[in-house]
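First the structure, in the form of C-alpha cells, and then the observations on it.
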Amino acid sequence: MIRISRRAFLASLAAALPAAALVRRAHAASVDELGASQRSMRALGEVILPQELGAAGITKAVNEFERWIAGYREGAELLHGYGTSTLKWAGPTPATAWAAQLNFLDKKAQRAHGRAFADLSIEARRALVQSDLDAINADGIPPLGRAPHVALAILAHYYSSSEANDLCYMAHIGRQNCRPLAAQTRKPLPLAQAHA
Amino acid sequence: MSWRLGTRPQVIESDVCIIGSGITAAMVADRLARTTNGKIVVVEAGDEAPPLGARYPLRERYLQYGESPWPHDHLEGYEIHGPLQSRSMQVGGLALHWGGVTPRWSPEDFKTRSLFGVGTDWPISYDDLDPFYQEAEILMGVSGEQGPVEMDPRGKPFPMAPYPLTYNLEQLQEWVKHAGIATWSQPTAKNSRPYGGRSECCRNDTCEPMCPIGAKYSPDFTWNKLRAANRVTLYPRTLVRKLVLDERTKKIVSAEAMQAKRSGGKSPTAIEFRAKTFVVAAGYVWSSHLLLLSANSRAPDGLANSSGMVGKYLAGHRAQSAFISLPLRLYPGMNGQHSLLSKQFMRSPATDRYLRHDLRVWESSYDRGPRLRNDSGTLMLGDDILRDWRERTKTGVARVRAYYDVVPDRSSELTLDATRRNSYGDPLPSLAFRDAPESAALRGYSESTIQALFARMARAGGGSVLPARGNGGDWQDHPSGGCRMGDDQATSVVDSWGRTHDHENLFVVGAPTCVSGSCANGTLSFCALALRAATEMAR
C-alpha cells in the first residue's frame with residue numbers, strides 16, 4: 001500500500017477540487033465566523049448606527065448586513081461601464097478581513113477592560129472603534145464591497161439603503177422602490193412621528 | 001469562398017439578412033415585417049438576453065452587489081484599443097441598458113456648413129427625417145411634451161403624455177426660469193401609461209442599466225413580437241466574420257458566420273447566410289469593422305470603401321457638467337434618472353463663435369451624502385452622522401450637463417488592429433476620436449462658455465457651483481459615424497438612404513451613417529435614420 005503524507009494528501013485533494021468550490025468554501029467559512037460573532041456585531045451596530053433606529057432597528061440593520069455578506073459572490077461579473085472594453089469581476093470576499101477585525105475588537109476589549117467587546121459600555125466600545133478607524137485613516141463612508149473595516153462596512157450598507165435616505169429627509173421618498181408615477185409630482189409625505 | 005476545404009457550412013437563405021440585433025436593427029426589421037412579405041433573418045454575435053421575468057432578481061443583485069444585470073453579454077477576448085462605448089453584445093444590443101432618453105436633434109444639425117461655416121452638411125434635412133422620428137417614437141413608445149415651437153419643431157404630438165415632473169424638478173424648473181432658460185420634461189422611451197403591451201413606469205429608477213418591469217423600451221420586445229409572429233428568424237451567438245462579394249457583379253452574395261454553442265458546448269458551427277439584401281446594423285464600431293474585415297482582391301481596402309471613408313469621421317459630442325448647490329429643500333431619490341431638458345442653446349449660436357449645446361438638469365445627492373468626518377475632521381459615529389447629514393441636506397443640489405457639438409476630423413477613425421485578434425484570428429478594431437481643427441480651436445472657448453452659463457444659473461438661484469473632480473475628459477458620448485452618408489461617392493460611404501455607394505444590395509443603418517453627432521443623445525436619430533433606410537429597402 002502506498003503511504004502519502006498528510007500534506008501531500010491535502011495538496012492532492014486541493015488539486016482535485018475545482019478552484020471555484022474552494023473559493024466558495026473559504027467565503028462560507030468567513031461568513032460563518034462573522035455569524036458566530038453576532039453579539040459583537042450587534043454591539044458594534046449600537047455604537048456606529050443612529051440610536052434613533054431603536055434596538056429593533058439596529059438589529060434589523062445588522063441582520064441585513066449579515067444577509068448581504070452571505071450573498072456576496074466572489075468572481076461575479078460586475079457592471080461594465082461605458083467608454084471602455086475592460087470587464088470587471090467581484091474581488092475576494094471581504095468577510096475574512098471583517099471577521100478578523102471583529103475578533104480583534106474583542107481581543108482589544110479583553111486586553112483593555114477584561115471583558116468582551118459586547119459587554120462594554122457604549123462609550124468604551126466607541127473609543128475602541130474610533131481607535132481602529134483612526135489607525136486606518138478612515139475619512140469617509142466607502143463603497144460597501146471595498147470597506148477596509150467592518151464598522152465602515154456596516155455604515156456603508158445601512159447608509160446606502162432607501163430607509164436611511166427616508167430617515168435623513170424624514171419623508172417617504174422610497175428611492176429605487178416601485179412607486180406610482182403620478183405621485184412624483186407631490187412633495188413626499190412625512191415619516192410617521194415615531195421616527196421624529 | 002474562404003471556407004476550409006472539407007467543411008460544408010449550413011446555408012440559410014432569406015430576402016433580407018440583418019447583421020446585428022440592436023435598436024436600429026429592430027426598427028428595420030419591424031418596418032420590413034410590416035411593409036413586405038420577405039423572409040427576414042437576423043444575425044447576432046451575442047447571446048439571448050435574460051427574459052423580462054428574470055429581471056427583478058438580476059436588478060436586485062446589481063443594486064446590492066454591483067453585479068452586471070446582463071450576465072455574459074459580451075464576447076471573450078474583445079479588449080480593444082480605444083474608447084469603446086460598451087462591451088455589450090446581446091440580443092437587443094446596447095439599448096437593453098440605455099437610459100431611454102430620446103430627444104430629437106435640431107434642424108441646424110443637418111446643415112452646419114451652410115448655416116455656420118463649420119462641419120459638413122448632411123444630404124438630408126430635419127424635415128426629411130421628421131416622419132421617421134415620429135415613427136420611431138410610436139414604435140418605442142415615447143412620453144414627451146413639445147418645448148417652445150421655435151426651439152423644438154415637430155410634425156405631430158408625442159404618442160404618450162410627458163413624464164410628470166417630480167416635485168424636485170418642479171423646484172428646479174422654477175430656479176432655471178429665473179436664469180432665463182426654458183426647460184421641459186425630457187422626452188423618454190418609457191411608458192407614462194401602459195403602452196405596447198408593456199406596463200407604466202413605477203419609478204424603480206434603474207432604467208440604466210435595467211428596467212425590471214419593461215416600462216422602458218428595449219429592442220428585445222420587438223424581437224419577441226416578431227419572432228412570435230414568425231416574421232423574423234434570429235440567430236444568436238453567431239458572429240459574421242465576412243461579407244462575400246459576387247465574383248462577377250458588385251453585389252454581396254453571402255455573409256460567412258460562425259455560430260457558437262451555448263457555454264460549455266462543442267466548437268462553433270459555420271453558417272453561410274445568403275440574401276438578396278444585406279443590412280449592416282451593428283453600430284458605430286462593428287459595422288465599419290465588418291466592412292474592413294471583408295476586404296478581397298477586388299476590394300482590397302474593404303467593402304463599400306472605394307472612397308476610403310469606411311471607419312473615418314467617428315463622431316460624438318463632449319460634455320461639460322457641474323453640481324450646483326441651491327437654497328432649496330429637495331428630496332433626492334424621487335426619480336433621479338428623469339430630467340429637465342432645454343434646447344435653447346441648440347439652435348443658432350448665442351455667441352459670436354460657433355457653439356451649440358443642449359442643457360439638462362437633474363436632482364442630485366452630490367456632496368449631500370452621509371459622511372464620517374465633519375468639516376473640522378472629527379470622526380462622527382452613531383447619531384452624529386445622521387444629525388450632520390440632516391443638517392447638510394436642508395439645501396439641495398442640482399446636476400447640470402451640456403453636450404456640445406464636436407466637428408469630427410477625417411482622422412477620427414476606426415482601423416484594424418493587427419496586434420489584437422479574436423479567437424478566429426480576425427483583427428480587432430482600434431478606435432481614435434479626433435476633433436476637426438476648427439472644433440479643436442473652439443474647445444476651450446466652448447467649455448469655458450458653458451461653465452460661465454452654469455455659474456450664471458447658480459447666481460440666479462442664490463447658489464454656487466460646487467467643486468468637482470474631472471469634467472468629461474476626452475470621451476465623446478453617443479458615438480456615431482464610420483460609414484457617413486453623402487451624395488458624393490468620393491467623400492462618403494452610403495447615400496442618404498443608407499445604401500452603400502459601391503454595392504446596390506448592401507445597406508448600413510443607424511449610428512454609423514451619421515455625418516456628425518449633434519449635441520444631444522443620438523439613439524432616436526439613429527432609429528429614425530434606420531427607419532428611413534428601411535423604406536428604401538422595401539421599394
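Residues are referred to by chain and number: the chain letter is A, B, ... according to the order shown in the C-alpha cells, the number counts from 1 in that chain, and ligands are numbered separately from 1 in the order shown.
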Which residues are close to region 43-53 of chain A, i.e. within 6 Å by only C-alpha atoms, leaving aside same-chain residues fewer than 6 positions away? Reply as a PDB file with N, CA and C atoms, in the first residue's frame.
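For reference, result.pdb as written:
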```pdb
ATOM      1  N   ALA A 118     -18.799  43.215  23.469  1.00  0.00           N
ATOM      2  CA  ALA A 118     -20.247  43.402  23.628  1.00  0.00           C
ATOM      3  C   ALA A 118     -20.641  43.731  25.058  1.00  0.00           C
ATOM      4  N   ARG A 126     -17.108  52.677  21.766  1.00  0.00           N
ATOM      5  CA  ARG A 126     -16.886  53.752  20.798  1.00  0.00           C
ATOM      6  C   ARG A 126     -15.391  54.099  20.718  1.00  0.00           C
TER       7      ARG A 126
ATOM      8  N   LEU B 381     -19.799  59.161  14.697  1.00  0.00           N
ATOM      9  CA  LEU B 381     -20.421  57.840  14.710  1.00  0.00           C
ATOM     10  C   LEU B 381     -21.823  57.998  15.281  1.00  0.00           C
ATOM     11  N   GLY B 382     -22.638  56.967  15.109  1.00  0.00           N
ATOM     12  CA  GLY B 382     -23.973  56.957  15.705  1.00  0.00           C
ATOM     13  C   GLY B 382     -24.833  58.124  15.252  1.00  0.00           C
ATOM     14  N   ASP B 383     -25.475  58.763  16.238  1.00  0.00           N
ATOM     15  CA  ASP B 383     -26.404  59.859  15.923  1.00  0.00           C
ATOM     16  C   ASP B 383     -25.721  61.031  15.223  1.00  0.00           C
TER      17      ASP B 383
END
```
If we count only C-alpha atoms, what is near Ile173 (chain A) at a cut-off of 12 Å, once residues fewer than 5 positions away on the same chain are taken out, given as a short mmCIF file (atom, residue, chain, number, x, y, z; two decimals) with N, CA, C and O atoms, in the first residue's frame?
```cif
data_model
loop_
_atom_site.label_atom_id
_atom_site.label_comp_id
_atom_site.auth_asym_id
_atom_site.auth_seq_id
_atom_site.Cartn_x
_atom_site.Cartn_y
_atom_site.Cartn_z
N SER A 161 -28.99 52.51 2.01
CA SER A 161 -30.36 51.98 1.89
C SER A 161 -31.38 53.10 1.67
O SER A 161 -31.17 54.26 2.05
N SER A 162 -32.48 52.72 1.09
CA SER A 162 -33.60 53.64 0.90
C SER A 162 -34.16 54.09 2.25
O SER A 162 -34.55 55.25 2.42
N GLU A 163 -34.14 53.19 3.23
CA GLU A 163 -34.66 53.52 4.57
C GLU A 163 -33.84 54.65 5.19
O GLU A 163 -34.39 55.57 5.81
N ALA A 164 -32.52 54.56 5.05
CA ALA A 164 -31.67 55.61 5.62
C ALA A 164 -31.94 56.95 4.95
O ALA A 164 -31.99 58.00 5.61
N ASN A 165 -32.11 56.90 3.63
CA ASN A 165 -32.41 58.13 2.89
C ASN A 165 -33.72 58.75 3.40
O ASN A 165 -33.80 59.97 3.62
N ASP A 166 -34.72 57.92 3.58
CA ASP A 166 -36.00 58.41 4.09
C ASP A 166 -35.83 59.02 5.49
O ASP A 166 -36.43 60.05 5.81
N LEU A 167 -35.03 58.35 6.32
CA LEU A 167 -34.85 58.83 7.69
C LEU A 167 -34.14 60.18 7.71
O LEU A 167 -34.45 61.06 8.51
N CYS A 168 -33.19 60.33 6.82
CA CYS A 168 -32.48 61.61 6.75
C CYS A 168 -33.45 62.73 6.39
O CYS A 168 -33.46 63.78 7.04
N CYS A 178 -40.60 50.52 -6.28
CA CYS A 178 -41.71 50.72 -7.21
C CYS A 178 -42.76 51.62 -6.55
O CYS A 178 -43.29 51.28 -5.49
N ARG A 179 -43.02 52.78 -7.19
CA ARG A 179 -43.98 53.76 -6.64
C ARG A 179 -44.79 54.36 -7.78
O ARG A 179 -44.29 54.47 -8.89
N PRO A 180 -46.02 54.76 -7.52
CA PRO A 180 -46.83 55.31 -8.62
C PRO A 180 -46.17 56.51 -9.29
O PRO A 180 -45.65 57.40 -8.59
N ALA A 183 -47.58 60.05 -8.51
CA ALA A 183 -47.34 60.60 -7.17
C ALA A 183 -46.05 61.41 -7.09
O ALA A 183 -45.81 62.10 -6.09
N GLN A 184 -45.24 61.33 -8.15
CA GLN A 184 -43.95 62.02 -8.05
C GLN A 184 -44.07 63.55 -8.14
O GLN A 184 -43.11 64.27 -7.87
N THR A 185 -45.24 64.02 -8.50
CA THR A 185 -45.40 65.48 -8.57
C THR A 185 -45.56 66.08 -7.17
O THR A 185 -45.42 67.29 -7.00
N ARG A 186 -45.91 65.24 -6.21
CA ARG A 186 -46.17 65.75 -4.86
C ARG A 186 -44.93 65.66 -3.99
O ARG A 186 -44.11 64.76 -4.15
N LYS A 187 -44.85 66.57 -3.07
CA LYS A 187 -43.80 66.51 -2.05
C LYS A 187 -43.97 65.20 -1.28
O LYS A 187 -45.10 64.84 -0.91
N PRO A 188 -42.89 64.46 -1.04
CA PRO A 188 -43.04 63.19 -0.33
C PRO A 188 -43.69 63.39 1.03
O PRO A 188 -43.42 64.37 1.73
N LEU A 189 -44.54 62.45 1.40
CA LEU A 189 -45.23 62.55 2.69
C LEU A 189 -44.22 62.41 3.83
O LEU A 189 -43.24 61.67 3.71
N PRO A 190 -44.49 63.09 4.94
CA PRO A 190 -43.54 62.97 6.06
C PRO A 190 -43.58 61.58 6.70
O PRO A 190 -44.61 60.92 6.66
N LEU A 191 -42.46 61.19 7.29
CA LEU A 191 -42.43 59.92 8.03
C LEU A 191 -43.33 60.05 9.26
O LEU A 191 -43.54 61.14 9.78
N THR B 166 -41.09 65.59 -11.34
CA THR B 166 -41.10 65.29 -9.91
C THR B 166 -41.20 66.60 -9.14
O THR B 166 -40.94 67.69 -9.68
N TYR B 167 -41.53 66.47 -7.87
CA TYR B 167 -41.55 67.66 -7.00
C TYR B 167 -40.20 68.36 -7.09
O TYR B 167 -40.13 69.59 -7.18
N ASN B 168 -39.12 67.58 -7.11
CA ASN B 168 -37.78 68.18 -7.19
C ASN B 168 -37.59 68.96 -8.49
O ASN B 168 -37.09 70.08 -8.50
N ARG B 203 -41.17 54.04 -11.40
CA ARG B 203 -40.07 54.75 -10.73
C ARG B 203 -39.07 53.83 -10.02
O ARG B 203 -38.57 54.17 -8.96
N ASN B 204 -38.83 52.66 -10.59
CA ASN B 204 -37.76 51.85 -10.00
C ASN B 204 -36.42 52.58 -10.09
O ASN B 204 -35.51 52.32 -9.32
N LEU B 330 -34.77 69.84 -1.42
CA LEU B 330 -35.06 68.80 -2.40
C LEU B 330 -35.06 67.44 -1.72
O LEU B 330 -34.53 67.28 -0.62
N TYR B 331 -35.63 66.46 -2.40
CA TYR B 331 -35.75 65.10 -1.85
C TYR B 331 -35.16 64.10 -2.85
O TYR B 331 -35.90 63.42 -3.56
N PRO B 332 -33.83 64.00 -2.93
CA PRO B 332 -33.23 63.12 -3.93
C PRO B 332 -33.72 61.68 -3.78
O PRO B 332 -33.87 61.18 -2.67
N GLY B 333 -33.94 61.06 -4.93
CA GLY B 333 -34.41 59.68 -4.93
C GLY B 333 -35.84 59.55 -5.43
O GLY B 333 -36.38 58.46 -5.51
N MET B 334 -36.46 60.67 -5.80
CA MET B 334 -37.85 60.59 -6.26
C MET B 334 -37.94 59.95 -7.64
O MET B 334 -38.86 59.19 -7.92
N ASN B 335 -37.02 60.28 -8.51
CA ASN B 335 -36.93 59.66 -9.84
C ASN B 335 -35.69 60.26 -10.50
O ASN B 335 -35.78 61.07 -11.41
N GLY B 336 -34.55 59.83 -10.02
CA GLY B 336 -33.30 60.51 -10.35
C GLY B 336 -32.87 60.44 -11.79
O GLY B 336 -32.03 61.23 -12.22
#
```
Name the residues in contact with region 384-386 of chain B at a cut-off of 7 Å, using only C-alpha atoms, excluding same-chain residues fewer than 4 positions from it; report them as a PDB file with N, CA and C atoms, in the first residue's frame.
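In the end it all went to around_20.pdb:
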```
ATOM      1  N   PRO A  50     -27.358  55.083  14.100  1.00  0.00           N
ATOM      2  CA  PRO A  50     -28.101  56.065  14.909  1.00  0.00           C
ATOM      3  C   PRO A  50     -28.987  55.389  15.955  1.00  0.00           C
ATOM      4  N   CYS A 168     -33.186  60.330   6.824  1.00  0.00           N
ATOM      5  CA  CYS A 168     -32.476  61.610   6.755  1.00  0.00           C
ATOM      6  C   CYS A 168     -33.446  62.734   6.392  1.00  0.00           C
TER       7      CYS A 168
ATOM      8  N   PRO B 370     -24.137  61.026   3.429  1.00  0.00           N
ATOM      9  CA  PRO B 370     -23.649  60.932   4.810  1.00  0.00           C
ATOM     10  C   PRO B 370     -22.128  60.881   4.815  1.00  0.00           C
ATOM     11  N   ARG B 371     -21.522  61.392   5.857  1.00  0.00           N
ATOM     12  CA  ARG B 371     -20.053  61.407   5.903  1.00  0.00           C
ATOM     13  C   ARG B 371     -19.566  60.976   7.282  1.00  0.00           C
ATOM     14  N   LEU B 372     -18.284  60.664   7.320  1.00  0.00           N
ATOM     15  CA  LEU B 372     -17.694  60.094   8.534  1.00  0.00           C
ATOM     16  C   LEU B 372     -17.021  61.162   9.387  1.00  0.00           C
ATOM     17  N   MET B 380     -17.195  61.066  13.248  1.00  0.00           N
ATOM     18  CA  MET B 380     -18.577  61.019  13.753  1.00  0.00           C
ATOM     19  C   MET B 380     -19.064  59.582  13.689  1.00  0.00           C
ATOM     20  N   ARG B 390     -28.529  65.342   8.098  1.00  0.00           N
ATOM     21  CA  ARG B 390     -29.779  66.117   8.033  1.00  0.00           C
ATOM     22  C   ARG B 390     -29.490  67.611   7.874  1.00  0.00           C
TER      23      ARG B 390
END
```
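Take the candidates A:Phe104, A:Phe117, A:Trp68, A:Tyr158 and check each one against chain B using only C-alpha atoms; the shortest distance goes to A:Trp68.
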Quiz prompt | Contacts of Ile40 (chain B) at 6 Å (only C-alpha atoms; same-chain gap of 2+ positions) as a list in words | solution =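 Near neighbours after the sequence-gap exclusion: Ser14, Val16 and Val232 of chain B.
Nearest residue to Thr535 (chain B), choosing from B:Pro131, B:Pro103, B:Pro83, B:Gly155 and counting only C-alpha atoms: B:Pro131.
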Quiz item: What residues in region 134-378 of chain B get the DSSP label strand (DSSP E or B)? Please answer as an MDAnalysis selection string.
Solution: chainID B and resid 143 160 184:185 188 190 195 198 216 232:235 238:245 252:259 269:280 312:326 340:342 357 359:364 373
Quiz item: Hey, what's within 10 Å of Trp98 (chain A) if we count only C-alpha atoms and toss same-chain stuff fewer than 4 positions away? As a list in words, please?
Solution: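 Residues near the query, excluding close chain neighbours: Ser30, Val31, Glu33, Leu34, Thr93, Pro94, Leu102, Asn103, Phe104, Ala147, Pro148, His149, Val150, Ala151, Leu152 and Ala153 of chain A.
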Quiz prompt | Exercise: region 266-270 of chain B partners within 8 Å, only C-alpha atoms, chain neighbours under 5 positions left out, as a PyMOL selection string | solution = chain B and resi 8-10+256-261
Quiz item: Excluding same-chain residues fewer than 5 positions from Met210 (chain B), what lies within 10 Å of it counting only C-alpha atoms, as a PyMOL selection string?
Solution: chain B and resi 55-56+58-59+62+68-70+95-99+204-205+216+218
Can you spit out the residues from that selection as a PDB file, in the first residue's frame, using N, CA, C and O atoms?
```
ATOM      1  N   ARG B  55     -35.798  39.690 -14.560  1.00  0.00           N
ATOM      2  CA  ARG B  55     -35.029  40.937 -14.381  1.00  0.00           C
ATOM      3  C   ARG B  55     -35.077  41.529 -12.977  1.00  0.00           C
ATOM      4  O   ARG B  55     -34.143  42.225 -12.585  1.00  0.00           O
ATOM      5  N   TYR B  56     -36.150  41.268 -12.245  1.00  0.00           N
ATOM      6  CA  TYR B  56     -36.174  41.836 -10.893  1.00  0.00           C
ATOM      7  C   TYR B  56     -35.040  41.280 -10.036  1.00  0.00           C
ATOM      8  O   TYR B  56     -34.295  42.056  -9.415  1.00  0.00           O
ATOM      9  N   LEU B  58     -32.245  40.008 -11.032  1.00  0.00           N
ATOM     10  CA  LEU B  58     -30.958  40.464 -11.587  1.00  0.00           C
ATOM     11  C   LEU B  58     -30.692  41.915 -11.178  1.00  0.00           C
ATOM     12  O   LEU B  58     -29.564  42.294 -10.849  1.00  0.00           O
ATOM     13  N   ARG B  59     -31.747  42.718 -11.222  1.00  0.00           N
ATOM     14  CA  ARG B  59     -31.608  44.116 -10.790  1.00  0.00           C
ATOM     15  C   ARG B  59     -31.224  44.180  -9.321  1.00  0.00           C
ATOM     16  O   ARG B  59     -30.414  45.017  -8.911  1.00  0.00           O
ATOM     17  N   TYR B  62     -27.668  43.664  -8.926  1.00  0.00           N
ATOM     18  CA  TYR B  62     -26.955  44.880  -9.348  1.00  0.00           C
ATOM     19  C   TYR B  62     -26.986  45.927  -8.232  1.00  0.00           C
ATOM     20  O   TYR B  62     -25.951  46.517  -7.884  1.00  0.00           O
ATOM     21  N   SER B  68     -23.321  42.754 -12.870  1.00  0.00           N
ATOM     22  CA  SER B  68     -23.962  43.071 -14.140  1.00  0.00           C
ATOM     23  C   SER B  68     -25.330  42.408 -14.182  1.00  0.00           C
ATOM     24  O   SER B  68     -25.439  41.198 -13.986  1.00  0.00           O
ATOM     25  N   PRO B  69     -26.382  43.194 -14.461  1.00  0.00           N
ATOM     26  CA  PRO B  69     -27.695  42.567 -14.590  1.00  0.00           C
ATOM     27  C   PRO B  69     -27.874  41.875 -15.940  1.00  0.00           C
ATOM     28  O   PRO B  69     -28.906  41.271 -16.191  1.00  0.00           O
ATOM     29  N   TRP B  70     -26.864  42.010 -16.790  1.00  0.00           N
ATOM     30  CA  TRP B  70     -26.895  41.359 -18.105  1.00  0.00           C
ATOM     31  C   TRP B  70     -25.702  40.413 -18.188  1.00  0.00           C
ATOM     32  O   TRP B  70     -24.743  40.673 -18.923  1.00  0.00           O
ATOM     33  N   ALA B  95     -29.089  48.964 -26.373  1.00  0.00           N
ATOM     34  CA  ALA B  95     -30.338  49.569 -25.912  1.00  0.00           C
ATOM     35  C   ALA B  95     -31.076  48.689 -24.908  1.00  0.00           C
ATOM     36  O   ALA B  95     -32.171  49.038 -24.475  1.00  0.00           O
ATOM     37  N   LEU B  96     -30.483  47.558 -24.528  1.00  0.00           N
ATOM     38  CA  LEU B  96     -31.041  46.856 -23.369  1.00  0.00           C
ATOM     39  C   LEU B  96     -30.800  47.693 -22.118  1.00  0.00           C
ATOM     40  O   LEU B  96     -31.620  47.740 -21.223  1.00  0.00           O
ATOM     41  N   HIS B  97     -29.637  48.339 -22.084  1.00  0.00           N
ATOM     42  CA  HIS B  97     -29.283  49.068 -20.854  1.00  0.00           C
ATOM     43  C   HIS B  97     -29.147  50.569 -21.067  1.00  0.00           C
ATOM     44  O   HIS B  97     -28.482  51.254 -20.300  1.00  0.00           O
ATOM     45  N   TRP B  98     -29.798  51.084 -22.123  1.00  0.00           N
ATOM     46  CA  TRP B  98     -29.753  52.537 -22.313  1.00  0.00           C
ATOM     47  C   TRP B  98     -30.671  53.237 -21.318  1.00  0.00           C
ATOM     48  O   TRP B  98     -31.466  52.593 -20.637  1.00  0.00           O
ATOM     49  N   GLY B  99     -30.557  54.552 -21.253  1.00  0.00           N
ATOM     50  CA  GLY B  99     -31.384  55.301 -20.321  1.00  0.00           C
ATOM     51  C   GLY B  99     -32.754  55.649 -20.880  1.00  0.00           C
ATOM     52  O   GLY B  99     -33.584  56.214 -20.177  1.00  0.00           O
ATOM     53  N   ASN B 204     -38.833  52.656 -10.594  1.00  0.00           N
ATOM     54  CA  ASN B 204     -37.763  51.850  -9.998  1.00  0.00           C
ATOM     55  C   ASN B 204     -36.422  52.580 -10.086  1.00  0.00           C
ATOM     56  O   ASN B 204     -35.514  52.315  -9.318  1.00  0.00           O
ATOM     57  N   ASP B 205     -36.335  53.464 -11.090  1.00  0.00           N
ATOM     58  CA  ASP B 205     -35.196  54.378 -11.191  1.00  0.00           C
ATOM     59  C   ASP B 205     -33.863  53.690 -11.453  1.00  0.00           C
ATOM     60  O   ASP B 205     -32.811  54.191 -11.072  1.00  0.00           O
ATOM     61  N   LYS B 216     -39.585  50.668 -19.819  1.00  0.00           N
ATOM     62  CA  LYS B 216     -38.650  51.305 -20.766  1.00  0.00           C
ATOM     63  C   LYS B 216     -38.548  50.413 -21.997  1.00  0.00           C
ATOM     64  O   LYS B 216     -38.420  49.200 -21.875  1.00  0.00           O
ATOM     65  N   SER B 218     -36.981  48.448 -24.894  1.00  0.00           N
ATOM     66  CA  SER B 218     -35.708  47.874 -25.333  1.00  0.00           C
ATOM     67  C   SER B 218     -36.013  46.927 -26.489  1.00  0.00           C
ATOM     68  O   SER B 218     -37.131  46.412 -26.614  1.00  0.00           O
TER      69      SER B 218
END
```
Exercise. Figure out the distance between CA of Met27 (chain B) and CA of Val285 (chain B), please, to one decimal in Å.
Key: 18.8 Å
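Using only C-alpha atoms, the nearest neighbour of chain B within the list A:Ala116, A:Ile69, A:Ala61, A:Ala124 is A:Ile69.
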Quiz item: If you run DSSP on this backbone, which residues of chain A come out as alpha helix (DSSP H), and could you give them as a PyMOL selection string?
Solution: chain A and resi 6-16+19-36+38-48+54-70+95-113+122-135+150-159+162-169
Could you save those same residues with C-alpha atoms as a compact mmCIF listing (two decimals), in the first residue's frame?
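As a result, out06.txt now contains:
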```
# COMPACT_ATOMS: atom_id res chain seq x y z
CA ARG A 6 -0.95 14.38 5.29
CA ARG A 7 0.40 17.44 3.48
CA ALA A 8 0.55 15.59 0.18
CA PHE A 9 -2.92 14.24 0.72
CA LEU A 10 -4.31 17.73 1.35
CA ALA A 11 -2.43 19.10 -1.64
CA SER A 12 -3.81 16.39 -3.92
CA LEU A 13 -7.29 16.99 -2.51
CA ALA A 14 -6.99 20.71 -3.22
CA ALA A 15 -5.86 19.97 -6.77
CA ALA A 16 -8.81 17.66 -7.29
CA ALA A 19 -10.84 26.28 -7.56
CA ALA A 20 -14.26 27.92 -7.54
CA ALA A 21 -15.52 25.43 -4.99
CA LEU A 22 -12.57 26.16 -2.71
CA VAL A 23 -13.20 29.88 -3.01
CA ARG A 24 -16.85 29.38 -2.15
CA ARG A 25 -15.90 27.33 0.91
CA ALA A 26 -13.44 29.97 2.12
CA HIS A 27 -16.13 32.62 1.77
CA ALA A 28 -18.68 30.45 3.58
CA ALA A 29 -16.22 29.85 6.42
CA SER A 30 -15.64 33.60 6.80
CA VAL A 31 -19.38 34.28 6.78
CA ASP A 32 -19.81 31.60 9.46
CA GLU A 33 -17.10 33.28 11.50
CA LEU A 34 -18.87 36.61 11.23
CA GLY A 35 -22.14 34.92 12.14
CA ALA A 36 -20.53 33.43 15.22
CA GLN A 38 -23.24 38.14 16.01
CA ARG A 39 -23.27 39.54 19.53
CA SER A 40 -20.16 41.60 18.83
CA MET A 41 -21.56 42.75 15.53
CA ARG A 42 -24.77 43.95 17.11
CA ALA A 43 -22.75 45.68 19.82
CA LEU A 44 -20.78 47.37 17.07
CA GLY A 45 -24.01 48.41 15.36
CA GLU A 46 -25.15 50.11 18.58
CA VAL A 47 -22.03 52.26 18.51
CA ILE A 48 -21.99 53.30 14.90
CA GLY A 54 -34.06 51.89 18.29
CA ALA A 55 -32.89 48.45 19.36
CA ALA A 56 -35.07 46.67 16.84
CA GLY A 57 -33.96 48.93 14.02
CA ILE A 58 -30.29 48.40 14.81
CA THR A 59 -30.75 44.63 14.97
CA LYS A 60 -32.57 44.76 11.64
CA ALA A 61 -29.79 46.80 10.04
CA VAL A 62 -27.12 44.40 11.33
CA ASN A 63 -29.10 41.35 10.21
CA GLU A 64 -29.49 42.83 6.75
CA PHE A 65 -25.75 43.46 6.61
CA GLU A 66 -25.18 39.80 7.51
CA ARG A 67 -27.52 38.72 4.75
CA TRP A 68 -25.62 40.94 2.36
CA ILE A 69 -22.27 39.41 3.12
CA ALA A 70 -23.72 35.89 2.98
CA ALA A 95 -15.83 38.72 5.02
CA THR A 96 -12.45 37.28 6.00
CA ALA A 97 -10.95 40.64 6.90
CA TRP A 98 -14.16 41.88 8.53
CA ALA A 99 -14.41 38.76 10.73
CA ALA A 100 -10.80 39.22 11.80
CA GLN A 101 -11.45 42.88 12.66
CA LEU A 102 -14.43 41.93 14.78
CA ASN A 103 -12.29 39.39 16.63
CA PHE A 104 -9.60 42.00 17.04
CA LEU A 105 -12.10 44.40 18.64
CA ASP A 106 -12.98 41.64 21.09
CA LYS A 107 -9.32 40.97 21.89
CA LYS A 108 -8.67 44.66 22.43
CA ALA A 109 -11.68 44.82 24.76
CA GLN A 110 -10.39 41.86 26.74
CA ARG A 111 -6.93 43.37 26.92
CA ALA A 112 -8.08 46.84 27.97
CA HIS A 113 -11.12 46.04 30.07
CA ILE A 122 -21.23 52.33 24.60
CA GLU A 123 -18.52 54.90 25.37
CA ALA A 124 -15.82 52.24 25.83
CA ARG A 125 -16.87 50.46 22.65
CA ARG A 126 -16.89 53.75 20.80
CA ALA A 127 -13.33 54.52 21.89
CA LEU A 128 -12.11 51.14 20.60
CA VAL A 129 -13.86 51.56 17.25
CA GLN A 130 -12.57 55.10 16.95
CA SER A 131 -9.00 53.98 17.53
CA ASP A 132 -9.36 51.30 14.82
CA LEU A 133 -10.74 53.82 12.32
CA ASP A 134 -8.12 56.41 13.15
CA ALA A 135 -5.44 53.76 12.69
CA VAL A 150 -16.19 46.05 9.36
CA ALA A 151 -17.53 49.21 11.07
CA LEU A 152 -17.34 51.09 7.79
CA ALA A 153 -18.96 48.16 6.02
CA ILE A 154 -21.98 48.25 8.33
CA LEU A 155 -22.22 52.01 7.92
CA ALA A 156 -21.92 51.75 4.14
CA HIS A 157 -24.59 49.08 4.00
CA TYR A 158 -27.06 50.99 6.14
CA TYR A 159 -26.48 54.44 4.68
CA SER A 162 -33.60 53.64 0.90
CA GLU A 163 -34.66 53.52 4.57
CA ALA A 164 -31.67 55.61 5.62
CA ASN A 165 -32.41 58.13 2.89
CA ASP A 166 -36.00 58.41 4.09
CA LEU A 167 -34.85 58.83 7.69
CA CYS A 168 -32.48 61.61 6.75
CA TYR A 169 -35.15 63.56 4.89
```
